[in-house]
Amino acid sequence: MGTMVYNRIERLSNNCARYLFFVEEDQVMMINESPPPNSIIDVPELSAYAKLLYIYLFLCADSSGQAFPSDELLSEKLSASVRTVKQAVRELKKVELVTVDRLKDGEGNFFYRYTINPEKLDDLLPKEED
C-alpha cells in the first residue's frame, strides 16, 4: 500500500463516522453505507467493550471490511484504556469476528489493519430451542 493511500486512510479513520467519503482526484465514493448488525449485542461470550469495538470498526471499515484506526484513537472513542482496547481486540480475534495485521508503510511506520468478518456473527448467536 502506497504512503499516499495510507495517509488518506489514516486521516479518514481518525474522523470515522457512520458514513465515510473517500476522495481520489475528482471521484467521491461512499464507503460502508450499511449500519452495524444489531445482533452483536446478543453474543454472550463478548464483553461490552468488545461489542462496542466491533461496532466502531464496522462503522470505520471500507467496502472491503478493513479499518486502520490507531490504538490511541480506539482508546479515545471507546472511553477505555489502551489495555482494555487490546483485551477487546483479543476477544474479537478469538471468535474470528476480526483479524488484525501489523503492517509497515513506506516510511517505516507500523500500523494495524483490522478486517471485520461479519459472516462469522451468526455462528456466535445463541440458538433458539424448539
# chains A, B, ... in the order shown; residues from 1 in each chain; ligands from 1
>>> residues_around(residues="A:Asp42", least_positions_apart="2", cutoff="10 Å", atoms="only C-alpha atoms", output="list in words")
Asn38, Ser39, Ile40, Pro44, Glu45, Leu46, Lys51, Leu121, Leu124, Leu125 and Pro126 of chain A
>>> write_last_selection(atoms="all heavy atoms", output="JSON list (two decimals), in the first residue's frame")
[["chain", "number", "residue", "atom", "x", "y", "z"],
["A", 38, "ASN", "N", -27.20, -5.39, 14.58],
["A", 38, "ASN", "CA", -27.66, -5.31, 15.97],
["A", 38, "ASN", "C", -27.41, -6.59, 16.74],
["A", 38, "ASN", "O", -27.30, -6.59, 17.96],
["A", 38, "ASN", "CB", -29.16, -4.99, 16.02],
["A", 38, "ASN", "CG", -29.46, -3.60, 15.54],
["A", 38, "ASN", "OD1", -28.62, -2.72, 15.61],
["A", 38, "ASN", "ND2", -30.66, -3.40, 15.03],
["A", 39, "SER", "N", -27.30, -7.70, 16.03],
["A", 39, "SER", "CA", -27.16, -9.00, 16.69],
["A", 39, "SER", "C", -25.86, -9.14, 17.47],
["A", 39, "SER", "O", -25.74, -10.05, 18.30],
["A", 39, "SER", "CB", -27.29, -10.13, 15.67],
["A", 39, "SER", "OG", -26.38, -9.95, 14.61],
["A", 40, "ILE", "N", -24.89, -8.25, 17.28],
["A", 40, "ILE", "CA", -23.64, -8.32, 18.05],
["A", 40, "ILE", "C", -23.94, -8.23, 19.54],
["A", 40, "ILE", "O", -23.25, -8.82, 20.37],
["A", 40, "ILE", "CB", -22.63, -7.22, 17.61],
["A", 40, "ILE", "CG1", -21.27, -7.42, 18.29],
["A", 40, "ILE", "CG2", -23.16, -5.84, 17.91],
["A", 40, "ILE", "CD1", -20.51, -8.61, 17.83],
["A", 44, "PRO", "N", -23.08, -13.83, 23.71],
["A", 44, "PRO", "CA", -22.86, -13.89, 25.16],
["A", 44, "PRO", "C", -21.40, -13.88, 25.60],
["A", 44, "PRO", "O", -21.08, -13.39, 26.68],
["A", 44, "PRO", "CB", -23.53, -15.21, 25.58],
["A", 44, "PRO", "CG", -23.59, -16.03, 24.34],
["A", 44, "PRO", "CD", -23.67, -15.07, 23.19],
["A", 45, "GLU", "N", -20.48, -14.41, 24.78],
["A", 45, "GLU", "CA", -19.10, -14.51, 25.23],
["A", 45, "GLU", "C", -18.27, -13.25, 25.04],
["A", 45, "GLU", "O", -17.08, -13.23, 25.37],
["A", 45, "GLU", "CB", -18.38, -15.71, 24.59],
["A", 45, "GLU", "CG", -18.32, -15.71, 23.10],
["A", 45, "GLU", "CD", -19.44, -16.53, 22.46],
["A", 45, "GLU", "OE1", -20.54, -16.58, 23.00],
["A", 45, "GLU", "OE2", -19.20, -17.10, 21.41],
["A", 46, "LEU", "N", -18.87, -12.18, 24.53],
["A", 46, "LEU", "CA", -18.13, -10.94, 24.34],
["A", 46, "LEU", "C", -18.46, -9.92, 25.42],
["A", 46, "LEU", "O", -19.62, -9.77, 25.82],
["A", 46, "LEU", "CB", -18.46, -10.32, 22.97],
["A", 46, "LEU", "CG", -18.00, -11.09, 21.74],
["A", 46, "LEU", "CD1", -18.45, -10.36, 20.48],
["A", 46, "LEU", "CD2", -16.50, -11.28, 21.73],
["A", 51, "LYS", "N", -17.95, -5.66, 22.12],
["A", 51, "LYS", "CA", -19.12, -5.36, 21.27],
["A", 51, "LYS", "C", -19.04, -3.94, 20.72],
["A", 51, "LYS", "O", -19.29, -3.70, 19.54],
["A", 51, "LYS", "CB", -20.41, -5.58, 22.06],
["A", 51, "LYS", "CG", -20.64, -7.03, 22.42],
["A", 51, "LYS", "CD", -21.81, -7.20, 23.37],
["A", 51, "LYS", "CE", -21.95, -8.66, 23.78],
["A", 51, "LYS", "NZ", -23.08, -8.87, 24.70],
["A", 121, "LEU", "N", -20.66, -13.83, 12.50],
["A", 121, "LEU", "CA", -21.53, -13.41, 13.59],
["A", 121, "LEU", "C", -22.66, -14.41, 13.86],
["A", 121, "LEU", "O", -22.95, -14.74, 15.01],
["A", 121, "LEU", "CB", -22.10, -12.02, 13.30],
["A", 121, "LEU", "CG", -22.86, -11.34, 14.42],
["A", 121, "LEU", "CD1", -22.05, -11.28, 15.69],
["A", 121, "LEU", "CD2", -23.27, -9.95, 13.98],
["A", 124, "LEU", "N", -22.09, -17.27, 16.25],
["A", 124, "LEU", "CA", -21.88, -16.96, 17.66],
["A", 124, "LEU", "C", -23.17, -16.68, 18.42],
["A", 124, "LEU", "O", -23.17, -16.62, 19.64],
["A", 124, "LEU", "CB", -20.98, -15.73, 17.78],
["A", 124, "LEU", "CG", -19.59, -15.87, 17.17],
["A", 124, "LEU", "CD1", -18.87, -14.54, 17.16],
["A", 124, "LEU", "CD2", -18.78, -16.92, 17.92],
["A", 125, "LEU", "N", -24.25, -16.53, 17.69],
["A", 125, "LEU", "CA", -25.53, -16.20, 18.33],
["A", 125, "LEU", "C", -26.14, -17.43, 18.99],
["A", 125, "LEU", "O", -26.00, -18.55, 18.49],
["A", 125, "LEU", "CB", -26.51, -15.63, 17.30],
["A", 125, "LEU", "CG", -26.07, -14.31, 16.66],
["A", 125, "LEU", "CD1", -27.01, -13.93, 15.55],
["A", 125, "LEU", "CD2", -25.99, -13.22, 17.70],
["A", 126, "PRO", "N", -26.80, -17.23, 20.14],
["A", 126, "PRO", "CA", -27.45, -18.36, 20.80],
["A", 126, "PRO", "C", -28.50, -18.98, 19.88],
["A", 126, "PRO", "O", -29.21, -18.26, 19.17],
["A", 126, "PRO", "CB", -28.11, -17.74, 22.03],
["A", 126, "PRO", "CG", -27.49, -16.39, 22.19],
["A", 126, "PRO", "CD", -26.98, -15.98, 20.84]]
>>> residues_around(residues="A:Lys94", least_positions_apart="3", cutoff="12 Å", atoms="only C-alpha atoms", output="PyMOL selection string")
chain A and resi 45-46+50+87-91+97-100+120+124
>>> write_last_selection(atoms="C-alpha atoms", output="JSON list (two decimals), in the first residue's frame")
[["chain", "number", "residue", "atom", "x", "y", "z"],
["A", 45, "GLU", "CA", -19.10, -14.51, 25.23],
["A", 46, "LEU", "CA", -18.13, -10.94, 24.34],
["A", 50, "ALA", "CA", -15.60, -5.97, 22.58],
["A", 87, "GLN", "CA", -8.27, -7.07, 25.51],
["A", 88, "ALA", "CA", -11.38, -6.33, 23.43],
["A", 89, "VAL", "CA", -9.38, -6.93, 20.25],
["A", 90, "ARG", "CA", -8.22, -10.30, 21.64],
["A", 91, "GLU", "CA", -11.84, -11.25, 22.34],
["A", 97, "LEU", "CA", -15.04, -11.57, 14.13],
["A", 98, "VAL", "CA", -11.89, -9.55, 13.45],
["A", 99, "THR", "CA", -8.48, -10.31, 12.02],
["A", 100, "VAL", "CA", -5.59, -7.97, 12.72],
["A", 120, "LYS", "CA", -18.96, -15.21, 11.44],
["A", 124, "LEU", "CA", -21.88, -16.96, 17.66]]
>>> residues_around(residues="A:Leu57", least_positions_apart="2", cutoff="10 Å", atoms="only C-alpha atoms", output="PyMOL selection string")
chain A and resi 13+16+36+51-55+59-62+65-69+74+98+114-116
>>> closest_atom_pairs(of="stretch 35-77 of chain A", to="stretch 82-86 of chain A", cutoff="10 Å", atoms="only C-alpha atoms", output="tab-separated table")
residue	atom	partner	partner_atom	distance
A:Tyr49	CA	A:Val85	CA	7.4
A:Ala50	CA	A:Val85	CA	7.9
A:Leu53	CA	A:Val85	CA	7.7
A:Ser70	CA	A:Val82	CA	9.9
A:Asp71	CA	A:Val82	CA	6.2
A:Glu72	CA	A:Val82	CA	6.6
A:Leu73	CA	A:Val82	CA	9.2
A:Leu74	CA	A:Val85	CA	6.8
A:Ser75	CA	A:Val82	CA	5.2
A:Glu76	CA	A:Val82	CA	8.7
>>> atom_distance(atom1="atom CA of A:Asp122", atom2="atom CA of A:Asp101")
23.6 Å
>>> atom_distance(atom1="atom CA of A:Ala80", atom2="atom CA of A:Tyr56")
13.3 Å
>>> atom_distance(atom1="atom CA of A:Arg113", atom2="atom CA of A:Pro37")
20.7 Å
